[in-house]
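The structure file input.tsv is reproduced below (TSV, C-alpha atoms).
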chain	number	residue	atom	x	y	z
Y	811	GLY	CA	-37.41	-72.46	-20.21
Y	812	ALA	CA	-36.58	-69.32	-18.20
Y	813	VAL	CA	-36.15	-66.96	-21.12
Y	814	VAL	CA	-35.85	-63.23	-20.56
Y	815	SER	CA	-35.96	-60.71	-23.37
Y	816	GLN	CA	-34.96	-57.07	-23.51
Y	817	HIS	CA	-35.92	-54.37	-25.96
Y	818	PRO	CA	-34.30	-52.52	-27.56
Y	819	SER	CA	-30.97	-54.27	-27.85
Y	820	ARG	CA	-29.24	-51.06	-28.82
Y	821	VAL	CA	-30.25	-47.42	-28.68
Y	822	ILE	CA	-28.55	-44.18	-29.60
Y	823	CYS	CA	-30.12	-40.96	-28.41
Y	824	LYS	CA	-29.39	-37.30	-28.01
Y	825	SER	CA	-28.49	-35.81	-24.67
Y	826	GLY	CA	-31.57	-34.69	-22.74
Y	827	THR	CA	-33.97	-37.27	-24.13
Y	828	SER	CA	-35.52	-40.13	-22.19
Y	829	VAL	CA	-35.06	-43.77	-23.07
Y	830	LYS	CA	-37.26	-46.68	-22.04
Y	831	ILE	CA	-35.94	-50.23	-21.85
Y	832	GLU	CA	-38.30	-53.18	-21.53
Y	833	CYS	CA	-37.56	-56.46	-19.80
Y	834	ARG	CA	-39.90	-59.41	-20.26
Y	835	SER	CA	-39.96	-62.91	-18.84
Y	836	LEU	CA	-41.28	-64.95	-21.76
Y	837	ASP	CA	-42.09	-68.33	-20.29
Y	838	PHE	CA	-42.43	-67.77	-16.57
Y	839	GLN	CA	-43.91	-65.31	-14.12
Y	840	ALA	CA	-41.33	-63.16	-12.42
Y	841	THR	CA	-42.09	-61.89	-8.96
Y	842	THR	CA	-38.85	-59.96	-8.92
Y	843	MET	CA	-36.77	-58.31	-11.59
Y	844	PHE	CA	-33.37	-56.74	-11.22
Y	845	TRP	CA	-31.66	-54.03	-13.20
Y	846	TYR	CA	-27.90	-53.96	-13.60
Y	847	ARG	CA	-25.41	-51.70	-15.26
Y	848	GLN	CA	-22.15	-52.93	-16.69
Y	849	PHE	CA	-19.17	-50.88	-17.84
Y	850	PRO	CA	-16.67	-52.30	-20.33
Y	851	LYS	CA	-14.52	-55.06	-18.86
Y	852	LYS	CA	-16.22	-54.64	-15.51
Y	853	SER	CA	-18.57	-56.67	-13.39
Y	854	LEU	CA	-22.29	-56.11	-13.03
Y	855	MET	CA	-23.47	-53.35	-10.74
Y	856	LEU	CA	-26.94	-53.79	-9.27
Y	857	MET	CA	-29.02	-50.66	-9.73
Y	858	ALA	CA	-32.38	-51.67	-8.33
Y	859	THR	CA	-34.69	-54.51	-7.41
Y	860	SER	CA	-38.32	-54.39	-8.43
Y	861	ASN	CA	-41.19	-56.49	-7.22
Y	862	GLU	CA	-44.42	-56.69	-9.15
Y	863	GLY	CA	-46.91	-54.12	-7.95
Y	864	SER	CA	-44.63	-52.29	-5.57
Y	865	LYS	CA	-41.98	-49.59	-5.68
Y	866	ALA	CA	-38.48	-50.51	-6.68
Y	867	THR	CA	-35.68	-50.65	-4.16
Y	868	TYR	CA	-32.67	-48.71	-5.36
Y	869	GLU	CA	-29.08	-49.36	-4.44
Y	870	GLN	CA	-27.10	-46.69	-2.70
Y	871	GLY	CA	-25.90	-44.03	-5.08
Y	872	VAL	CA	-28.48	-44.75	-7.79
Y	873	GLU	CA	-30.78	-41.82	-8.46
Y	874	LYS	CA	-34.35	-43.04	-8.46
Y	875	ASP	CA	-35.58	-39.93	-10.26
Y	876	LYS	CA	-33.02	-40.53	-12.96
Y	877	PHE	CA	-33.69	-44.22	-13.42
Y	878	LEU	CA	-37.42	-44.85	-13.22
Y	879	ILE	CA	-38.44	-48.46	-12.79
Y	880	ASN	CA	-41.92	-49.85	-13.25
Y	881	HIS	CA	-42.92	-53.48	-12.69
Y	882	ALA	CA	-46.57	-53.44	-13.64
Y	883	SER	CA	-47.05	-57.11	-14.34
Y	884	LEU	CA	-45.49	-60.46	-13.58
Y	885	THR	CA	-43.82	-60.54	-16.97
Y	886	LEU	CA	-42.78	-56.96	-17.63
Y	887	SER	CA	-40.50	-54.43	-16.02
Y	888	THR	CA	-39.33	-51.19	-17.58
Y	889	LEU	CA	-36.36	-48.95	-16.91
Y	890	THR	CA	-36.58	-45.36	-18.09
Y	891	VAL	CA	-33.43	-43.29	-18.19
Y	892	THR	CA	-34.71	-39.74	-17.90
Y	893	SER	CA	-32.89	-36.78	-19.41
Y	894	ALA	CA	-30.05	-39.00	-20.51
Y	895	HIS	CA	-26.50	-37.65	-20.60
Y	896	PRO	CA	-23.34	-39.10	-22.12
Y	897	GLU	CA	-22.26	-40.46	-18.73
Y	898	ASP	CA	-25.37	-42.66	-18.75
Y	899	SER	CA	-23.99	-44.53	-21.74
Y	900	SER	CA	-23.57	-48.12	-20.66
Y	901	PHE	CA	-24.75	-51.70	-21.01
Y	902	TYR	CA	-27.97	-52.26	-19.07
Y	903	ILE	CA	-29.01	-55.80	-18.19
Y	904	CYS	CA	-32.14	-57.04	-16.51
Y	905	SER	CA	-32.74	-60.33	-14.77
Y	906	ALA	CA	-35.82	-62.07	-13.46
Y	907	THR	CA	-36.55	-64.68	-10.87
Y	908	THR	CA	-39.66	-66.67	-10.24
Y	909	PHE	CA	-41.88	-67.50	-7.29
Y	910	PRO	CA	-40.37	-69.15	-4.21
Y	911	GLY	CA	-40.82	-72.88	-4.29
Y	912	THR	CA	-41.23	-73.09	-8.03
Y	913	ARG	CA	-38.68	-74.70	-10.27
Y	914	GLY	CA	-35.74	-72.38	-10.74
Y	915	SER	CA	-36.74	-70.02	-7.96
Y	916	GLY	CA	-33.84	-68.14	-6.45
Y	917	THR	CA	-31.93	-68.22	-9.71
Y	918	GLN	CA	-31.72	-65.03	-11.70
Y	919	TYR	CA	-32.16	-65.43	-15.45
Y	920	PHE	CA	-30.72	-62.61	-17.49
Y	921	GLY	CA	-31.86	-60.76	-20.56
Y	922	PRO	CA	-29.54	-60.09	-23.50
Y	923	GLY	CA	-28.87	-56.52	-22.42
Y	924	THR	CA	-29.33	-53.08	-23.95
Y	925	ARG	CA	-26.44	-50.94	-25.13
Y	926	LEU	CA	-27.22	-47.28	-24.60
Y	927	LEU	CA	-25.18	-44.56	-26.25
Y	928	VAL	CA	-26.02	-40.97	-25.42
Y	929	LEU	CA	-24.54	-38.39	-27.77
U	920	ALA	CA	-20.55	-58.17	3.98
U	921	GLN	CA	-20.53	-60.70	1.21
U	922	LYS	CA	-17.65	-60.81	-1.20
U	923	VAL	CA	-16.67	-62.89	-4.21
U	924	THR	CA	-13.11	-62.97	-5.49
U	925	GLN	CA	-12.06	-64.22	-8.89
U	926	ALA	CA	-8.34	-63.71	-8.77
U	927	GLN	CA	-7.76	-64.65	-12.40
U	928	THR	CA	-8.57	-61.64	-14.55
U	929	GLU	CA	-7.62	-63.28	-17.83
U	930	ILE	CA	-6.75	-66.81	-18.87
U	931	SER	CA	-5.59	-67.90	-22.29
U	932	VAL	CA	-5.38	-71.54	-23.32
U	933	VAL	CA	-5.07	-73.56	-26.46
U	934	GLU	CA	-8.00	-75.61	-27.64
U	935	LYS	CA	-8.39	-79.01	-25.96
U	936	GLU	CA	-6.57	-77.93	-22.84
U	937	ASP	CA	-8.33	-78.22	-19.49
U	938	VAL	CA	-8.81	-74.97	-17.59
U	939	THR	CA	-9.94	-74.18	-14.06
U	940	LEU	CA	-11.51	-70.90	-13.04
U	941	ASP	CA	-11.15	-70.04	-9.38
U	942	CYS	CA	-13.78	-68.51	-7.14
U	943	VAL	CA	-13.42	-67.71	-3.44
U	944	TYR	CA	-16.25	-66.22	-1.43
U	945	GLU	CA	-16.91	-64.64	1.94
U	946	THR	CA	-20.21	-64.67	3.78
U	947	ARG	CA	-21.54	-64.77	7.31
U	948	ASP	CA	-24.68	-66.61	6.26
U	949	THR	CA	-24.95	-70.30	7.06
U	950	THR	CA	-27.27	-70.85	4.13
U	951	TYR	CA	-26.33	-69.35	0.81
U	952	TYR	CA	-26.27	-70.07	-2.90
U	953	LEU	CA	-23.41	-69.98	-5.36
U	954	PHE	CA	-23.71	-69.49	-9.09
U	955	TRP	CA	-21.64	-69.48	-12.24
U	956	TYR	CA	-22.67	-67.44	-15.28
U	957	LYS	CA	-21.09	-67.21	-18.71
U	958	GLN	CA	-21.06	-63.94	-20.66
U	959	PRO	CA	-20.05	-64.42	-24.31
U	960	PRO	CA	-19.13	-61.43	-26.50
U	961	SER	CA	-22.81	-60.92	-27.33
U	962	GLY	CA	-23.31	-59.76	-23.74
U	963	GLU	CA	-26.06	-62.03	-22.49
U	964	LEU	CA	-25.39	-63.78	-19.19
U	965	VAL	CA	-26.03	-67.51	-19.43
U	966	PHE	CA	-26.83	-69.41	-16.25
U	967	LEU	CA	-24.56	-72.44	-15.78
U	968	ILE	CA	-25.10	-73.78	-12.28
U	969	ARG	CA	-26.53	-73.10	-8.84
U	970	ARG	CA	-25.31	-74.80	-5.70
U	971	ASN	CA	-26.63	-74.36	-2.17
U	972	SER	CA	-24.35	-74.29	0.82
U	973	PHE	CA	-25.52	-77.65	2.16
U	974	ASP	CA	-24.72	-79.53	-1.00
U	975	GLU	CA	-21.00	-80.09	-1.31
U	976	GLN	CA	-21.21	-82.76	-3.94
U	977	ASN	CA	-19.20	-81.99	-7.00
U	978	GLU	CA	-21.15	-81.76	-10.21
U	979	ILE	CA	-20.32	-82.67	-13.76
U	980	SER	CA	-22.25	-81.59	-16.82
U	981	GLY	CA	-20.62	-82.63	-20.04
U	982	ARG	CA	-17.26	-80.88	-20.27
U	983	TYR	CA	-18.07	-78.70	-17.26
U	984	SER	CA	-17.44	-79.63	-13.65
U	985	TRP	CA	-17.65	-77.75	-10.39
U	986	ASN	CA	-15.76	-78.31	-7.17
U	987	PHE	CA	-17.41	-76.82	-4.09
U	988	GLN	CA	-15.30	-76.86	-0.93
U	989	LYS	CA	-16.92	-75.18	2.03
U	990	SER	CA	-13.81	-75.59	4.16
U	991	THR	CA	-11.88	-73.28	1.87
U	992	SER	CA	-14.88	-71.19	0.75
U	993	SER	CA	-14.18	-72.02	-2.86
U	994	PHE	CA	-16.38	-72.93	-5.80
U	995	ASN	CA	-14.10	-73.63	-8.72
U	996	PHE	CA	-15.15	-74.33	-12.27
U	997	THR	CA	-13.28	-76.62	-14.67
U	998	ILE	CA	-13.74	-76.88	-18.40
U	999	THR	CA	-12.33	-80.08	-19.86
U	1000	ALA	CA	-11.07	-80.19	-23.42
U	1001	SER	CA	-11.76	-76.50	-23.97
U	1002	GLN	CA	-13.17	-75.26	-27.26
U	1003	VAL	CA	-13.04	-71.91	-28.99
U	1004	VAL	CA	-16.76	-71.43	-28.25
U	1005	ASP	CA	-15.92	-71.47	-24.55
U	1006	SER	CA	-14.26	-68.09	-24.94
U	1007	ALA	CA	-16.22	-65.71	-22.72
U	1008	VAL	CA	-16.20	-63.90	-19.42
U	1009	TYR	CA	-17.21	-66.16	-16.56
U	1010	PHE	CA	-18.74	-64.76	-13.40
U	1011	CYS	CA	-19.03	-66.42	-10.04
U	1012	ALA	CA	-21.81	-65.07	-7.81
U	1013	LEU	CA	-23.11	-65.47	-4.28
U	1014	SER	CA	-26.64	-64.85	-3.09
U	1015	GLU	CA	-28.10	-64.14	0.28
U	1016	GLU	CA	-29.61	-66.77	2.54
U	1017	ARG	CA	-33.18	-66.98	1.42
U	1018	GLU	CA	-34.25	-68.94	-1.63
U	1019	THR	CA	-36.88	-66.38	-2.42
U	1020	SER	CA	-37.48	-63.73	-4.94
U	1021	GLY	CA	-35.51	-60.67	-4.15
U	1022	SER	CA	-32.27	-62.37	-3.19
U	1023	ARG	CA	-29.41	-60.12	-4.20
U	1024	LEU	CA	-26.42	-61.47	-6.06
U	1025	THR	CA	-22.88	-60.44	-5.30
U	1026	PHE	CA	-20.73	-60.93	-8.38
U	1027	GLY	CA	-17.03	-61.49	-8.69
U	1028	GLU	CA	-15.07	-59.35	-11.12
U	1029	GLY	CA	-15.15	-62.04	-13.76
U	1030	THR	CA	-12.49	-64.07	-15.57
U	1031	GLN	CA	-11.95	-63.53	-19.28
U	1032	LEU	CA	-11.25	-66.92	-20.84
U	1033	THR	CA	-9.78	-67.01	-24.32
U	1034	VAL	CA	-9.46	-70.36	-26.05
U	1035	ASN	CA	-7.18	-70.21	-29.05
U	1036	PRO	CA	-7.41	-72.67	-31.94
Whole structure given in structure tokens:
Amino acid sequence: GAVVSQHPSRVICKSGTSVKIECRSLDFQATTMFWYRQFPKKSLMLMATSNEGSKATYEQGVEKDKFLINHASLTLSTLTVTSAHPEDSSFYICSATTFPGTRGSGTQYFGPGTRLLVL
Amino acid sequence: AQKVTQAQTEISVVEKEDVTLDCVYETRDTTYYLFWYKQPPSGELVFLIRRNSFDEQNEISGRYSWNFQKSTSSFNFTITASQVVDSAVYFCALSEERETSGSRLTFGEGTQLTVNP
């Protein structure tokens, strides 16, 4: 149980294009999903927290117009990197957590990540 | 502010050796949760354990064991009889007080464990 998928696993795009990354909880309903960014040999940096049906909460220094997050259902959140530039190249990871009081609540389960390369 | 310190950046051992990964945390919360995650070369973070601040019992799961000591704010992780497949980056993490959706995780910098045959 508690499986999270991400699509695509890898994407290469040209500078100036937009890229959408999907994060799905496959066998549970996720009230909250998180988006992280990870640089090589570094720890995870939280970008934003999204709750189903409401606006995402962005961490300080993260441009919300640059990184659009939508959490339209209890099993799907999307991150769109708009007008991507080479400095946006990174490993993006999502996680999901379930309802309070349910089994596993409070634990974040992570997707396999998406490697983005902007040329 | 919460903080997690994993002082060991890299550890290299030979297969079958025991290895302990250290984790020290700082928090002002009286109720909090501690986690360990494994990140193999593929990149996916694998959940290993969650411990709440009121449960100081040590836990053993197969070759894995965890030693939680509130007095020293430590949550160390030991792998017994290490195997090559244990090679990965291991992250210790701390979450805020509430056991609800939306709790933010503070991660340590990670420890790269390499197990050589």
Near Cys904 (chain Y), within 8 Å and counting only C-alpha atoms, which residues show up once chain neighbours fewer than 5 positions away are dropped, as an mmCIF file with C-alpha atoms, keeping the file's coordinate frame?
data_model
loop_
_atom_site.group_PDB
_atom_site.id
_atom_site.type_symbol
_atom_site.label_atom_id
_atom_site.label_comp_id
_atom_site.auth_asym_id
_atom_site.auth_seq_id
_atom_site.Cartn_x
_atom_site.Cartn_y
_atom_site.Cartn_z
ATOM 1 C CA GLN Y 816 -34.960 -57.070 -23.510
ATOM 2 C CA CYS Y 833 -37.560 -56.460 -19.800
ATOM 3 C CA MET Y 843 -36.770 -58.310 -11.590
ATOM 4 C CA PHE Y 844 -33.370 -56.740 -11.220
ATOM 5 C CA TRP Y 845 -31.660 -54.030 -13.200
ATOM 6 C CA TYR Y 846 -27.900 -53.960 -13.600
ATOM 7 C CA PHE Y 920 -30.720 -62.610 -17.490
ATOM 8 C CA GLY Y 921 -31.860 -60.760 -20.560
ATOM 9 C CA GLY Y 923 -28.870 -56.520 -22.420
#
statement: Taken to one decimal, the CA of Gln925 (chain U)-CA of Cys1011 (chain U) distance is 7.4 Å
Proximal residues of chain U relative to chain Y (only C-alpha atoms; 10 Å) as a JSON list (two decimals) with C-alpha atoms, keeping the file's coordinate frame:
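The file below, result.json, is the result:
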[["chain", "number", "residue", "atom", "x", "y", "z"],
["U", 928, "THR", "CA", -8.57, -61.64, -14.55],
["U", 952, "TYR", "CA", -26.27, -70.07, -2.90],
["U", 953, "LEU", "CA", -23.41, -69.98, -5.36],
["U", 954, "PHE", "CA", -23.71, -69.49, -9.09],
["U", 956, "TYR", "CA", -22.67, -67.44, -15.28],
["U", 958, "GLN", "CA", -21.06, -63.94, -20.66],
["U", 961, "SER", "CA", -22.81, -60.92, -27.33],
["U", 962, "GLY", "CA", -23.31, -59.76, -23.74],
["U", 963, "GLU", "CA", -26.06, -62.03, -22.49],
["U", 964, "LEU", "CA", -25.39, -63.78, -19.19],
["U", 965, "VAL", "CA", -26.03, -67.51, -19.43],
["U", 966, "PHE", "CA", -26.83, -69.41, -16.25],
["U", 968, "ILE", "CA", -25.10, -73.78, -12.28],
["U", 969, "ARG", "CA", -26.53, -73.10, -8.84],
["U", 1008, "VAL", "CA", -16.20, -63.90, -19.42],
["U", 1010, "PHE", "CA", -18.74, -64.76, -13.40],
["U", 1014, "SER", "CA", -26.64, -64.85, -3.09],
["U", 1015, "GLU", "CA", -28.10, -64.14, 0.28],
["U", 1017, "ARG", "CA", -33.18, -66.98, 1.42],
["U", 1018, "GLU", "CA", -34.25, -68.94, -1.63],
["U", 1019, "THR", "CA", -36.88, -66.38, -2.42],
["U", 1020, "SER", "CA", -37.48, -63.73, -4.94],
["U", 1021, "GLY", "CA", -35.51, -60.67, -4.15],
["U", 1022, "SER", "CA", -32.27, -62.37, -3.19],
["U", 1023, "ARG", "CA", -29.41, -60.12, -4.20],
["U", 1024, "LEU", "CA", -26.42, -61.47, -6.06],
["U", 1025, "THR", "CA", -22.88, -60.44, -5.30],
["U", 1026, "PHE", "CA", -20.73, -60.93, -8.38],
["U", 1027, "GLY", "CA", -17.03, -61.49, -8.69],
["U", 1028, "GLU", "CA", -15.07, -59.35, -11.12],
["U", 1029, "GLY", "CA", -15.15, -62.04, -13.76],
["U", 1030, "THR", "CA", -12.49, -64.07, -15.57],
["U", 1031, "GLN", "CA", -11.95, -63.53, -19.28]]
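Taking CA of Val1034 (chain U) as the reference point, CA of Glu934 (chain U) is found at 5.7 Å.
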- prompt: For Leu929 (chain Y), which residue among Y:His817, Y:His895, Y:Arg847, Y:Arg834 is the nearest when counting all atoms listed in the file?
  reply: Y:His895
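If you look at CA of Tyr1009 (chain U) and CA of Ala920 (chain U), they are 22.3 Å away from each other.
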- prompt: Which residue out of Y:Ser815, Y:Ser825, Y:Ser883, Y:Ser835 has the minimum interatomic distance to Leu926 (chain Y) when all atoms listed in the file are used?
  reply: Y:Ser825
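In terms of minimum interatomic distance to Cys823 (chain Y), Y:Asp898 ranks closest within Y:Glu869, Y:Asp898, Y:Glu862, Y:Asp837, counting all atoms listed in the file.
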task: Mind checking which residues fall within 8 Å of region 993-1000 of chain U, counting all atoms listed in the file, ignoring those fewer than 3 positions away in the same chain, and posting them as a ChimeraX atom specification?
output: /U:934-944,953,982-990
field: Exercise: residues within 10 Å of coordinate (-24.9, -70.3, 5.5), counting all atoms listed in the file, as number ranges by chain
entry: U: 946-952, 971-973, 989, 1015-1017
Box for region 969-976 of chain U: with edges along x, y and z, all listed atoms inside and 8 Å added on each side, what are the centre and edge lengths in Å to one decimal, as JSON?
{"center_x": -23.8, "center_y": -77.9, "center_z": -3.3, "size_x": 21.6, "size_y": 25.7, "size_z": 27.0}
- request: Using only C-alpha atoms, determine which residues lie at most 8 Å from Leu878 (chain Y), disregarding the query and same-chain residues fewer than 3 positions distant; provide the list as a list in words.
  value: Lys874, Asp875, Thr888, Leu889, Thr890, Val891 and Thr892 of chain Y
